[in-house]
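Peer 1: Just input_12.tsv, nothing more (TSV, C-alpha atoms):
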chain	number	residue	atom	x	y	z
K	1	MET	CA	-66.25	-23.40	-186.29
K	2	GLU	CA	-63.37	-25.53	-185.05
K	3	ASN	CA	-60.47	-26.49	-187.25
K	4	LEU	CA	-59.82	-30.15	-187.93
K	5	ILE	CA	-56.26	-31.05	-187.07
K	6	LEU	CA	-55.10	-34.66	-187.13
K	7	GLU	CA	-51.53	-35.76	-186.58
K	8	GLY	CA	-50.23	-38.08	-189.31
K	9	SER	CA	-49.33	-41.72	-188.59
K	10	ALA	CA	-47.59	-44.56	-190.43
K	11	LYS	CA	-50.78	-45.21	-192.34
K	12	THR	CA	-52.75	-41.96	-192.22
K	13	PRO	CA	-52.04	-38.43	-193.46
K	14	THR	CA	-51.72	-35.22	-191.51
K	15	VAL	CA	-54.96	-33.29	-191.80
K	16	LYS	CA	-55.18	-29.53	-191.40
K	17	PHE	CA	-58.60	-28.22	-192.29
K	18	ASP	CA	-58.67	-24.53	-191.39
K	19	ALA	CA	-62.11	-22.95	-191.33
K	20	GLY	CA	-60.54	-19.55	-190.65
K	21	ASN	CA	-58.72	-19.25	-193.97
K	22	GLY	CA	-60.49	-21.91	-196.04
K	23	VAL	CA	-57.33	-23.98	-196.59
K	24	LEU	CA	-57.82	-27.74	-196.38
K	25	GLU	CA	-54.60	-29.71	-196.37
K	26	LEU	CA	-53.93	-33.45	-196.60
K	27	LYS	CA	-50.30	-34.42	-196.31
K	28	GLY	CA	-48.27	-37.62	-196.11
K	29	ARG	CA	-49.45	-41.14	-196.73
K	30	SER	CA	-52.92	-42.58	-196.73
K	31	ILE	CA	-52.78	-46.36	-196.60
K	32	PRO	CA	-55.18	-47.56	-193.87
K	33	GLU	CA	-56.72	-51.02	-194.44
K	34	ASN	CA	-60.16	-49.51	-194.08
K	35	SER	CA	-60.15	-45.87	-195.00
K	36	ILE	CA	-63.88	-45.27	-194.39
K	37	GLU	CA	-63.28	-44.91	-190.65
K	38	PHE	CA	-60.49	-42.40	-191.17
K	39	TYR	CA	-62.26	-40.25	-193.77
K	40	LYS	CA	-65.68	-40.03	-192.10
K	41	PRO	CA	-64.71	-37.14	-189.76
K	42	LEU	CA	-63.24	-35.30	-192.75
K	43	ASN	CA	-66.53	-35.62	-194.64
K	44	ASP	CA	-68.43	-34.44	-191.57
K	45	TRP	CA	-66.14	-31.43	-191.17
K	46	ILE	CA	-66.55	-30.40	-194.82
K	47	GLU	CA	-70.30	-30.70	-194.50
K	48	ALA	CA	-70.31	-28.38	-191.48
K	49	TYR	CA	-67.86	-26.02	-193.21
K	50	GLY	CA	-70.19	-25.88	-196.21
K	51	ALA	CA	-72.81	-24.10	-194.11
K	52	SER	CA	-70.66	-20.93	-193.92
K	53	PRO	CA	-67.54	-21.33	-196.03
K	54	LYS	CA	-64.87	-18.76	-196.87
K	55	PRO	CA	-65.33	-17.14	-200.32
K	56	ASN	CA	-62.28	-19.11	-201.49
K	57	THR	CA	-61.53	-22.68	-200.49
K	58	ILE	CA	-58.12	-24.09	-201.34
K	59	VAL	CA	-57.57	-27.83	-201.12
K	60	GLU	CA	-53.92	-28.74	-200.76
K	61	VAL	CA	-53.29	-32.40	-201.53
K	62	LYS	CA	-49.70	-33.32	-200.68
K	63	LEU	CA	-49.86	-37.09	-200.66
K	64	GLU	CA	-46.81	-39.23	-200.96
K	65	TYR	CA	-48.75	-42.49	-201.27
K	66	PHE	CA	-52.35	-43.56	-201.10
K	67	ASN	CA	-53.93	-46.98	-201.41
K	68	THR	CA	-56.99	-47.94	-203.44
K	69	SER	CA	-59.16	-47.94	-200.31
K	70	SER	CA	-58.27	-44.26	-199.80
K	71	SER	CA	-58.67	-43.42	-203.48
K	72	LYS	CA	-62.41	-43.93	-203.23
K	73	CYS	CA	-62.66	-41.83	-200.05
K	74	ILE	CA	-60.59	-39.06	-201.62
K	75	LEU	CA	-62.96	-39.09	-204.58
K	76	ASP	CA	-65.88	-38.71	-202.19
K	77	LEU	CA	-64.18	-35.71	-200.54
K	78	PHE	CA	-63.76	-34.08	-203.95
K	79	LYS	CA	-67.39	-34.81	-204.79
K	80	GLN	CA	-68.45	-33.07	-201.60
K	81	LEU	CA	-66.26	-30.09	-202.47
K	82	GLU	CA	-67.62	-30.07	-206.01
K	83	LYS	CA	-71.08	-29.48	-204.53
K	84	LEU	CA	-69.79	-26.66	-202.31
K	85	ASN	CA	-68.25	-25.03	-205.36
K	86	SER	CA	-71.64	-24.23	-206.82
K	87	GLY	CA	-72.64	-22.50	-203.57
K	88	ASN	CA	-70.97	-19.75	-201.54
K	89	THR	CA	-67.36	-20.64	-202.13
K	90	GLU	CA	-64.99	-21.05	-205.02
K	91	VAL	CA	-63.04	-24.29	-204.59
K	92	LYS	CA	-59.61	-24.87	-206.08
K	93	VAL	CA	-57.44	-27.97	-205.77
K	94	ASN	CA	-53.66	-27.92	-205.68
K	95	TRP	CA	-52.35	-31.42	-206.37
K	96	TYR	CA	-48.70	-31.86	-205.38
K	97	PHE	CA	-46.45	-34.64	-206.62
K	98	GLU	CA	-42.75	-35.33	-206.36
K	99	GLU	CA	-40.42	-35.04	-209.34
K	100	ASP	CA	-40.55	-38.14	-211.56
K	101	ASP	CA	-43.49	-39.57	-209.63
K	102	GLU	CA	-45.60	-40.33	-212.67
K	103	ASP	CA	-47.99	-42.49	-210.65
K	104	MET	CA	-48.98	-39.63	-208.36
K	105	GLU	CA	-49.14	-37.22	-211.26
K	106	GLU	CA	-51.45	-39.60	-213.12
K	107	ALA	CA	-53.56	-40.09	-210.00
K	108	GLY	CA	-54.13	-36.34	-209.90
K	109	GLU	CA	-55.03	-36.35	-213.57
K	110	ASP	CA	-57.53	-39.16	-212.97
K	111	TYR	CA	-59.34	-37.04	-210.38
K	112	ARG	CA	-59.16	-33.98	-212.58
K	113	ALA	CA	-60.91	-35.96	-215.33
K	114	ILE	CA	-63.70	-37.14	-213.02
K	115	ILE	CA	-64.23	-34.08	-210.82
K	116	ASP	CA	-65.50	-30.74	-212.01
K	117	LEU	CA	-63.10	-28.56	-210.01
K	118	PRO	CA	-60.03	-26.63	-211.15
K	119	PHE	CA	-56.93	-28.77	-210.47
K	120	LYS	CA	-53.48	-27.29	-210.47
K	121	MET	CA	-50.71	-29.87	-210.79
K	122	ILE	CA	-47.66	-28.82	-208.80
K	123	GLU	CA	-44.36	-30.67	-209.12
K	124	VAL	CA	-42.10	-30.39	-206.09
K	125	GLU	CA	-38.74	-31.86	-205.19
K	126	GLU	CA	-39.99	-33.43	-201.99
K	127	ILE	CA	-43.36	-33.59	-200.32
S	1	MET	CA	-30.77	-83.66	-194.33
S	2	ASN	CA	-30.95	-80.33	-192.56
S	3	GLN	CA	-34.41	-79.01	-193.37
S	4	VAL	CA	-33.68	-75.50	-192.17
S	5	TYR	CA	-30.70	-75.32	-194.51
S	6	ASP	CA	-32.94	-76.56	-197.28
S	7	ILE	CA	-35.40	-73.72	-196.73
S	8	TYR	CA	-32.51	-71.28	-196.46
S	9	LYS	CA	-31.03	-72.42	-199.78
S	10	LYS	CA	-34.39	-72.17	-201.51
S	11	LEU	CA	-34.89	-68.62	-200.32
S	12	GLU	CA	-31.35	-67.74	-201.32
S	13	GLU	CA	-31.73	-69.21	-204.80
S	14	ARG	CA	-34.77	-67.03	-205.33
S	15	ASN	CA	-32.97	-63.94	-203.98
S	16	VAL	CA	-35.63	-63.42	-201.35
S	17	LEU	CA	-35.23	-60.16	-199.44
S	18	LEU	CA	-38.11	-60.78	-197.11
S	19	SER	CA	-40.54	-63.63	-196.59
S	20	PHE	CA	-43.36	-64.26	-194.22
S	21	LYS	CA	-45.86	-67.02	-193.70
S	22	GLY	CA	-48.63	-66.65	-191.17
S	23	MET	CA	-51.61	-64.55	-190.21
S	24	ILE	CA	-51.71	-61.12	-191.82
S	25	THR	CA	-52.65	-58.52	-189.23
S	26	SER	CA	-52.77	-54.75	-189.42
S	27	GLU	CA	-49.67	-54.44	-187.19
S	28	LEU	CA	-47.79	-56.93	-189.35
S	29	LEU	CA	-48.58	-54.85	-192.44
S	30	THR	CA	-47.09	-51.77	-190.81
S	31	THR	CA	-43.97	-53.70	-189.82
S	32	ILE	CA	-43.39	-55.32	-193.22
S	33	LEU	CA	-43.81	-51.97	-194.97
S	34	SER	CA	-41.38	-50.30	-192.64
S	35	ILE	CA	-38.79	-53.10	-193.04
S	36	MET	CA	-39.03	-52.91	-196.82
S	37	GLU	CA	-38.71	-49.14	-196.75
S	38	SER	CA	-35.53	-49.27	-194.70
S	39	LYS	CA	-34.12	-52.11	-196.83
S	40	MET	CA	-34.66	-50.05	-199.97
S	41	ASP	CA	-33.23	-46.94	-198.30
S	42	HIS	CA	-30.21	-48.96	-197.24
S	43	ILE	CA	-29.41	-50.03	-200.81
S	44	ASP	CA	-30.13	-46.49	-202.05
S	45	GLU	CA	-32.92	-47.66	-204.30
S	46	ASN	CA	-34.07	-45.28	-207.02
S	47	PRO	CA	-36.95	-43.26	-205.48
S	48	LYS	CA	-39.22	-44.04	-208.41
S	49	VAL	CA	-38.74	-47.80	-208.02
S	50	LYS	CA	-39.01	-47.53	-204.26
S	51	LYS	CA	-42.40	-45.86	-204.55
S	52	LYS	CA	-43.67	-48.43	-207.01
S	53	VAL	CA	-42.53	-51.35	-204.84
S	54	PHE	CA	-44.05	-49.73	-201.76
S	55	ASN	CA	-47.36	-48.98	-203.46
S	56	ILE	CA	-47.75	-52.43	-204.97
S	57	LEU	CA	-46.72	-54.05	-201.71
S	58	VAL	CA	-49.42	-52.10	-199.86
S	59	GLU	CA	-52.09	-53.37	-202.26
S	60	CYS	CA	-50.80	-56.96	-202.21
S	61	LEU	CA	-50.70	-57.01	-198.41
S	62	GLN	CA	-54.11	-55.45	-198.10
S	63	ASN	CA	-55.53	-58.02	-200.52
S	64	LEU	CA	-54.22	-60.71	-198.18
S	65	TYR	CA	-55.48	-58.85	-195.13
S	66	HIS	CA	-59.00	-58.39	-196.48
S	67	HIS	CA	-59.13	-61.90	-197.78
S	68	ILE	CA	-58.56	-63.17	-194.25
S	69	ASP	CA	-60.68	-60.51	-192.62
S	70	GLN	CA	-64.00	-62.00	-193.60
S	71	ASP	CA	-67.13	-62.62	-191.60
S	72	ASP	CA	-67.00	-66.36	-191.97
S	73	VAL	CA	-63.41	-66.55	-190.81
S	74	VAL	CA	-64.33	-68.72	-187.82
S	75	TYR	CA	-65.33	-71.52	-190.18
S	76	ILE	CA	-61.99	-71.57	-191.95
S	77	PRO	CA	-59.43	-73.92	-190.44
S	78	ALA	CA	-56.54	-72.08	-188.82
S	79	GLU	CA	-53.91	-73.16	-191.35
S	80	GLU	CA	-56.07	-71.80	-194.17
S	81	ARG	CA	-56.18	-68.38	-192.58
S	82	SER	CA	-52.50	-67.76	-192.99
S	83	ALA	CA	-50.85	-66.43	-196.11
S	84	LEU	CA	-47.45	-66.28	-197.74
S	85	LEU	CA	-45.52	-63.21	-198.81
S	86	MET	CA	-42.15	-63.13	-200.54
S	87	ILE	CA	-40.26	-60.18	-201.88
S	88	ALA	CA	-37.31	-60.99	-204.10
S	89	LYS	CA	-34.87	-58.91	-206.06
S	90	THR	CA	-33.10	-60.29	-209.10
S	91	GLY	CA	-30.98	-57.98	-211.21
S	92	ASP	CA	-33.13	-55.04	-212.11
S	93	SER	CA	-36.47	-56.42	-211.03
S	94	TYR	CA	-38.42	-56.86	-207.83
S	95	ASN	CA	-40.88	-59.72	-207.57
S	96	ILE	CA	-43.64	-59.62	-205.02
S	97	THR	CA	-45.28	-63.01	-204.54
S	98	THR	CA	-48.30	-63.78	-202.42
S	99	GLY	CA	-50.07	-67.05	-201.74
S	100	ASN	CA	-53.30	-67.68	-199.91
S	101	TYR	CA	-56.15	-70.13	-199.61
S	102	MET	CA	-59.47	-69.00	-200.97
S	103	LYS	CA	-62.94	-70.40	-201.51
S	104	ALA	CA	-63.03	-72.49	-204.70
S	105	GLN	CA	-66.34	-70.88	-205.63
S	106	ASP	CA	-64.72	-67.45	-205.77
S	107	VAL	CA	-62.01	-68.54	-208.21
S	108	PRO	CA	-63.88	-67.88	-211.51
S	109	VAL	CA	-64.67	-64.25	-210.62
S	110	LEU	CA	-61.09	-63.51	-209.58
S	111	LYS	CA	-59.66	-65.31	-212.62
S	112	GLU	CA	-61.91	-63.32	-214.91
S	113	LYS	CA	-60.76	-60.06	-213.32
S	114	LEU	CA	-57.07	-61.01	-213.60
S	115	ASP	CA	-57.47	-62.05	-217.25
S	116	LEU	CA	-59.29	-58.82	-218.04
S	117	VAL	CA	-56.59	-56.72	-216.39
S	118	ASN	CA	-53.86	-58.72	-218.17
S	119	SER	CA	-55.53	-58.16	-221.55
S	120	MET	CA	-55.37	-54.38	-221.16
S	121	ASP	CA	-52.63	-51.97	-222.17
S	122	LYS	CA	-51.61	-48.88	-220.17
S	123	GLU	CA	-54.34	-46.62	-221.53
S	124	GLU	CA	-57.07	-49.23	-221.16
S	125	LEU	CA	-56.04	-49.85	-217.55
S	126	LYS	CA	-56.17	-46.12	-216.86
S	127	ALA	CA	-59.68	-45.88	-218.34
S	128	TYR	CA	-60.84	-48.99	-216.47
S	129	TYR	CA	-59.43	-47.67	-213.18
S	130	LYS	CA	-61.27	-44.37	-213.62
S	131	GLN	CA	-64.48	-46.20	-214.50
S	132	VAL	CA	-64.39	-48.44	-211.41
S	133	LEU	CA	-63.30	-45.50	-209.23
S	134	SER	CA	-66.20	-43.31	-210.31
S	135	GLU	CA	-68.92	-45.95	-210.65
S	136	GLY	CA	-67.98	-48.59	-208.13
S	137	ASN	CA	-69.18	-48.87	-204.59
S	138	MET	CA	-67.10	-49.40	-201.54
S	139	SER	CA	-67.57	-52.46	-199.36
S	140	SER	CA	-67.91	-52.11	-195.59
S	141	LYS	CA	-64.36	-53.47	-195.35
S	142	GLY	CA	-63.19	-50.43	-197.27
S	143	THR	CA	-62.30	-52.28	-200.46
S	144	ALA	CA	-63.07	-50.53	-203.71
S	145	GLY	CA	-62.43	-53.32	-206.25
S	146	LEU	CA	-59.45	-51.35	-207.53
S	147	GLY	CA	-56.56	-53.34	-206.04
S	148	MET	CA	-55.66	-55.59	-209.00
S	149	ILE	CA	-56.20	-52.78	-211.52
S	150	ASP	CA	-53.90	-50.51	-209.54
S	151	ILE	CA	-51.27	-53.23	-209.13
S	152	ALA	CA	-51.28	-53.95	-212.88
S	153	ARG	CA	-51.18	-50.26	-213.70
S	154	LYS	CA	-48.25	-49.48	-211.44
S	155	SER	CA	-46.33	-52.63	-212.34
S	156	GLY	CA	-46.69	-52.20	-216.09
S	157	GLU	CA	-46.10	-55.96	-216.40
S	158	LYS	CA	-48.56	-58.83	-216.77
S	159	LEU	CA	-49.69	-60.37	-213.49
S	160	GLU	CA	-48.59	-63.99	-213.10
S	161	TYR	CA	-51.06	-66.09	-211.21
S	162	ASP	CA	-52.12	-69.63	-210.52
S	163	PHE	CA	-54.97	-71.44	-208.78
S	164	LEU	CA	-54.24	-74.80	-207.25
S	165	THR	CA	-57.21	-76.96	-206.30
S	166	ILE	CA	-56.85	-78.23	-202.74
S	167	ASN	CA	-60.28	-79.84	-202.45
S	168	ASP	CA	-63.91	-79.19	-203.50
S	169	LYS	CA	-64.18	-76.10	-201.35
S	170	THR	CA	-60.69	-74.68	-201.25
S	171	SER	CA	-58.13	-73.42	-203.74
S	172	PHE	CA	-54.69	-71.92	-203.26
S	173	PHE	CA	-54.16	-68.66	-205.12
S	174	SER	CA	-50.68	-67.44	-205.97
S	175	LEU	CA	-49.76	-64.14	-207.54
S	176	THR	CA	-46.45	-62.67	-208.66
S	177	VAL	CA	-46.10	-59.01	-209.50
S	178	LYS	CA	-42.97	-57.74	-211.23
S	179	ILE	CA	-41.54	-54.28	-210.86
S	180	VAL	CA	-38.82	-53.67	-213.43
S	181	GLU	CA	-36.41	-50.78	-212.89
Can you give me the file's structure in the form of structure tokens?

Peer 2:
Amino acid sequence: MENLILEGSAKTPTVKFDAGNGVLELKGRSIPENSIEFYKPLNDWIEAYGASPKPNTIVEVKLEYFNTSSSKCILDLFKQLEKLNSGNTEVKVNWYFEEDDEDMEEAGEDYRAIIDLPFKMIEVEEI
Amino acid sequence: MNQVYDIYKKLEERNVLLSFKGMITSELLTTILSIMESKMDHIDENPKVKKKVFNILVECLQNLYHHIDQDDVVYIPAEERSALLMIAKTGDSYNITTGNYMKAQDVPVLKEKLDLVNSMDKEELKAYYKQVLSEGNMSSKGTAGLGMIDIARKSGEKLEYDFLTINDKTSFFSLTVKIVE
């Protein structure tokens, strides 16, 4: 299947969903006024990917900022991946946050508490 | 008396970095955010504070944007569709202030939400955020009912607000969010 590659913008993250190696990356900022529009193609891609996924799926979340509209859509992505996890692929999430960015660290912990997927919290100097 | 000078003095007294009054559009949001980012870069703001200000500003602006972006907008007089935004910096704290007209009938629900959020400590806000995030539904406008909770959580200070009655149908809502370094 085709990879999903979206160039980042002032309000939307760079998306690199690679069906070939099972690495799904979200990077940058996600602050659109209405995030449903932006996230719909991502949900659709994951659904299609779920039909024949790689044995290991790695989700790389490297977000600098996200708004509350995106937070709900990101939760829905994780929920979709949670379902895949019980099927033909083992899903792992790597949640990146910048040094001293307690808000992003806590945001990752919030998802970890809600979603039944292994979350690895990774502190980096700069995203 | 020079009225322009009067406005200028008032903004200066309040240490206003940026102010805007008018229609809040998607393009305007992008512009305001980018101006504030470069202003904070210019004064070498602590990255932690910069992120908090940016995050809270996004939510405040999007609250204004969604408030205006409603189906019945055509029935609202033009002057009531515009909003006010002011960002001020005094000493070690940033103050983000917004002001907008709203339907008087919606005041009690918003007031209740603000009082609830203000009554909560850090841990309670975290739990409440997670609850609304996991149980709540998203509107077609893409709002998740998380804005005020997120603002309060990131600010760590009580939200200051006021509702001014304009007439039977309309109130003016003002909100000030503090970000202390």

Peer 1: Nearest to S:Glu45 among S:Ser134, S:Asn2, S:Ser174, S:Ser93, with distances taken over all atoms listed in the file: which residue is it?

Peer 2: S:Ser93

Peer 1: Give me, as a PyMOL selection string, the contact residues of chain K against chain S at a cut-off of 6 Å, counting all atoms listed in the file.

Peer 2: chain K and resi 34-36+68-69

Peer 1: Find the distance between atom CA of S:Lys122 and atom CA of K:Asp100 and write it in Å to one decimal.

Peer 2: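 Between atom CA of S:Lys122 and atom CA of K:Asp100 the gap works out to 17.7 Å.
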
Peer 1: Quick one, how far is atom CA of S:Leu11 from atom CA of S:Ser82?

Peer 2: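 Computing it gives 19.1 Å between the two atoms.
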
Peer 1: Report, in Å with one decimal, the straight-line distance from atom CA of S:Glu37 to atom CA of K:Ile31.

Peer 2: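 Taking atom CA of S:Glu37 as the start and atom CA of K:Ile31 as the end point, the length is 14.3 Å.
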
Peer 1: Go through S:Leu28, S:Leu64, S:Leu125, S:Leu17 and flag the residue nearest S:Ile43, using only C-alpha atoms for the distances.

Peer 2: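 The answer is S:Leu17, which sits nearest to S:Ile43.
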
Peer 1: Can you list, as an MDAnalysis selection string, every protein, DNA or RNA residue that comes within 8 Å of K:Val15 when you count all atoms listed in the file, leaving out same-chain residues fewer than 2 positions away?

Peer 2: chainID K and resid 4:8 13 17 24:27

Peer 1: Do you know which residues lie at most 9 Å from (-62.1, -73.9, -210.0), with coordinates as in the file and all atoms listed in the file counted, and could you write them as an NGL selection string?

Peer 2: :S and (104-108 or 163-165 or 168 or 170-171)

Peer 1: Within 9 Å of S:Val180, counting all atoms listed in the file, which residues show up once you throw out same-chain ones fewer than 6 positions away? Write them as a list in words, please.

Peer 2: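 Neighbouring residues, sequence-local ones excluded: Val49, Asp92, Ser93, Tyr94, Asn95, Ser155, Gly156 and Glu157 of chain S.
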
Peer 1: Save the residues we just selected, C-alpha atoms, as a JSON list (two decimals), in the coordinates of the input?

Peer 2:
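So part_11.json came out as:
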[["chain", "number", "residue", "atom", "x", "y", "z"],
["S", 49, "VAL", "CA", -38.74, -47.80, -208.02],
["S", 92, "ASP", "CA", -33.13, -55.04, -212.11],
["S", 93, "SER", "CA", -36.47, -56.42, -211.03],
["S", 94, "TYR", "CA", -38.42, -56.86, -207.83],
["S", 95, "ASN", "CA", -40.88, -59.72, -207.57],
["S", 155, "SER", "CA", -46.33, -52.63, -212.34],
["S", 156, "GLY", "CA", -46.69, -52.20, -216.09],
["S", 157, "GLU", "CA", -46.10, -55.96, -216.40]]

Peer 1: Which protein, DNA or RNA residues have an atom at most 12 Å from (-38.8, -39.6, -211.4), counting all atoms listed in the file? List them as a PyMOL selection string.

Peer 2: (chain K and resi 97-105+123-126) or (chain S and resi 46-52+181)

Peer 1: Considering only C-alpha atoms, state which residue in the set K:Val59, K:Tyr96, K:Gly50, K:Ile114 is at the smallest distance from K:Lys83.

Peer 2: K:Gly50

Peer 1: Name the closest residue to K:Glu47 among the candidates K:Cys73, K:Ile115, K:Leu81, K:Val23; distances are taken between atoms, counting only C-alpha atoms.

Peer 2: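 Smallest distance to K:Glu47 is found for K:Leu81.
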
Peer 1: Using all atoms listed in the file for the distances, tell me which of K:Ser52, K:Asn43, K:Asn88, K:Thr12 is nearest to K:Gly28.

Peer 2: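 Counting all atoms listed in the file, the residue closest to K:Gly28 is K:Thr12.
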
Peer 1: Because some atoms of stretch 45-60 of chain K are absent here, can you restore N, CA and C atoms and send them as a PDB file, in the frame of the given file?

Peer 2:
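Resulting contents of out.pdb:
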ATOM      1  N   TRP K  45     -66.672 -32.799-191.337  1.00  0.00           N
ATOM      2  CA  TRP K  45     -66.140 -31.430-191.170  1.00  0.00           C
ATOM      3  C   TRP K  45     -66.496 -30.586-192.398  1.00  0.00           C
ATOM      4  N   ILE K  46     -66.276 -31.149-193.585  1.00  0.00           N
ATOM      5  CA  ILE K  46     -66.550 -30.400-194.820  1.00  0.00           C
ATOM      6  C   ILE K  46     -68.038 -30.057-194.920  1.00  0.00           C
ATOM      7  N   GLU K  47     -68.865 -30.977-194.465  1.00  0.00           N
ATOM      8  CA  GLU K  47     -70.300 -30.700-194.500  1.00  0.00           C
ATOM      9  C   GLU K  47     -70.644 -29.503-193.619  1.00  0.00           C
ATOM     10  N   ALA K  48     -70.070 -29.495-192.411  1.00  0.00           N
ATOM     11  CA  ALA K  48     -70.310 -28.380-191.480  1.00  0.00           C
ATOM     12  C   ALA K  48     -69.725 -27.081-192.036  1.00  0.00           C
ATOM     13  N   TYR K  49     -68.535 -27.182-192.616  1.00  0.00           N
ATOM     14  CA  TYR K  49     -67.860 -26.020-193.210  1.00  0.00           C
ATOM     15  C   TYR K  49     -68.702 -25.429-194.341  1.00  0.00           C
ATOM     16  N   GLY K  50     -69.368 -26.292-195.076  1.00  0.00           N
ATOM     17  CA  GLY K  50     -70.190 -25.880-196.210  1.00  0.00           C
ATOM     18  C   GLY K  50     -71.333 -24.945-195.833  1.00  0.00           C
ATOM     19  N   ALA K  51     -71.714 -24.953-194.563  1.00  0.00           N
ATOM     20  CA  ALA K  51     -72.810 -24.100-194.110  1.00  0.00           C
ATOM     21  C   ALA K  51     -72.399 -22.624-194.141  1.00  0.00           C
ATOM     22  N   SER K  52     -71.139 -22.314-193.830  1.00  0.00           N
ATOM     23  CA  SER K  52     -70.660 -20.930-193.920  1.00  0.00           C
ATOM     24  C   SER K  52     -69.178 -20.918-194.319  1.00  0.00           C
ATOM     25  N   PRO K  53     -68.941 -21.230-195.584  1.00  0.00           N
ATOM     26  CA  PRO K  53     -67.540 -21.330-196.030  1.00  0.00           C
ATOM     27  C   PRO K  53     -66.912 -19.968-196.308  1.00  0.00           C
ATOM     28  N   LYS K  54     -65.600 -19.950-196.430  1.00  0.00           N
ATOM     29  CA  LYS K  54     -64.870 -18.760-196.870  1.00  0.00           C
ATOM     30  C   LYS K  54     -65.179 -18.564-198.371  1.00  0.00           C
ATOM     31  N   PRO K  55     -65.050 -17.338-198.884  1.00  0.00           N
ATOM     32  CA  PRO K  55     -65.330 -17.140-200.320  1.00  0.00           C
ATOM     33  C   PRO K  55     -64.431 -17.987-201.221  1.00  0.00           C
ATOM     34  N   ASN K  56     -63.189 -18.252-200.729  1.00  0.00           N
ATOM     35  CA  ASN K  56     -62.280 -19.110-201.490  1.00  0.00           C
ATOM     36  C   ASN K  56     -61.844 -20.293-200.634  1.00  0.00           C
ATOM     37  N   THR K  57     -61.983 -21.481-201.197  1.00  0.00           N
ATOM     38  CA  THR K  57     -61.530 -22.680-200.490  1.00  0.00           C
ATOM     39  C   THR K  57     -60.401 -23.304-201.309  1.00  0.00           C
ATOM     40  N   ILE K  58     -59.270 -23.496-200.655  1.00  0.00           N
ATOM     41  CA  ILE K  58     -58.120 -24.090-201.340  1.00  0.00           C
ATOM     42  C   ILE K  58     -57.859 -25.475-200.736  1.00  0.00           C
ATOM     43  N   VAL K  59     -57.838 -26.481-201.593  1.00  0.00           N
ATOM     44  CA  VAL K  59     -57.570 -27.830-201.120  1.00  0.00           C
ATOM     45  C   VAL K  59     -56.137 -28.196-201.513  1.00  0.00           C
ATOM     46  N   GLU K  60     -55.315 -28.430-200.517  1.00  0.00           N
ATOM     47  CA  GLU K  60     -53.920 -28.740-200.760  1.00  0.00           C
ATOM     48  C   GLU K  60     -53.705 -30.237-200.552  1.00  0.00           C
TER      49      GLU K  60
END
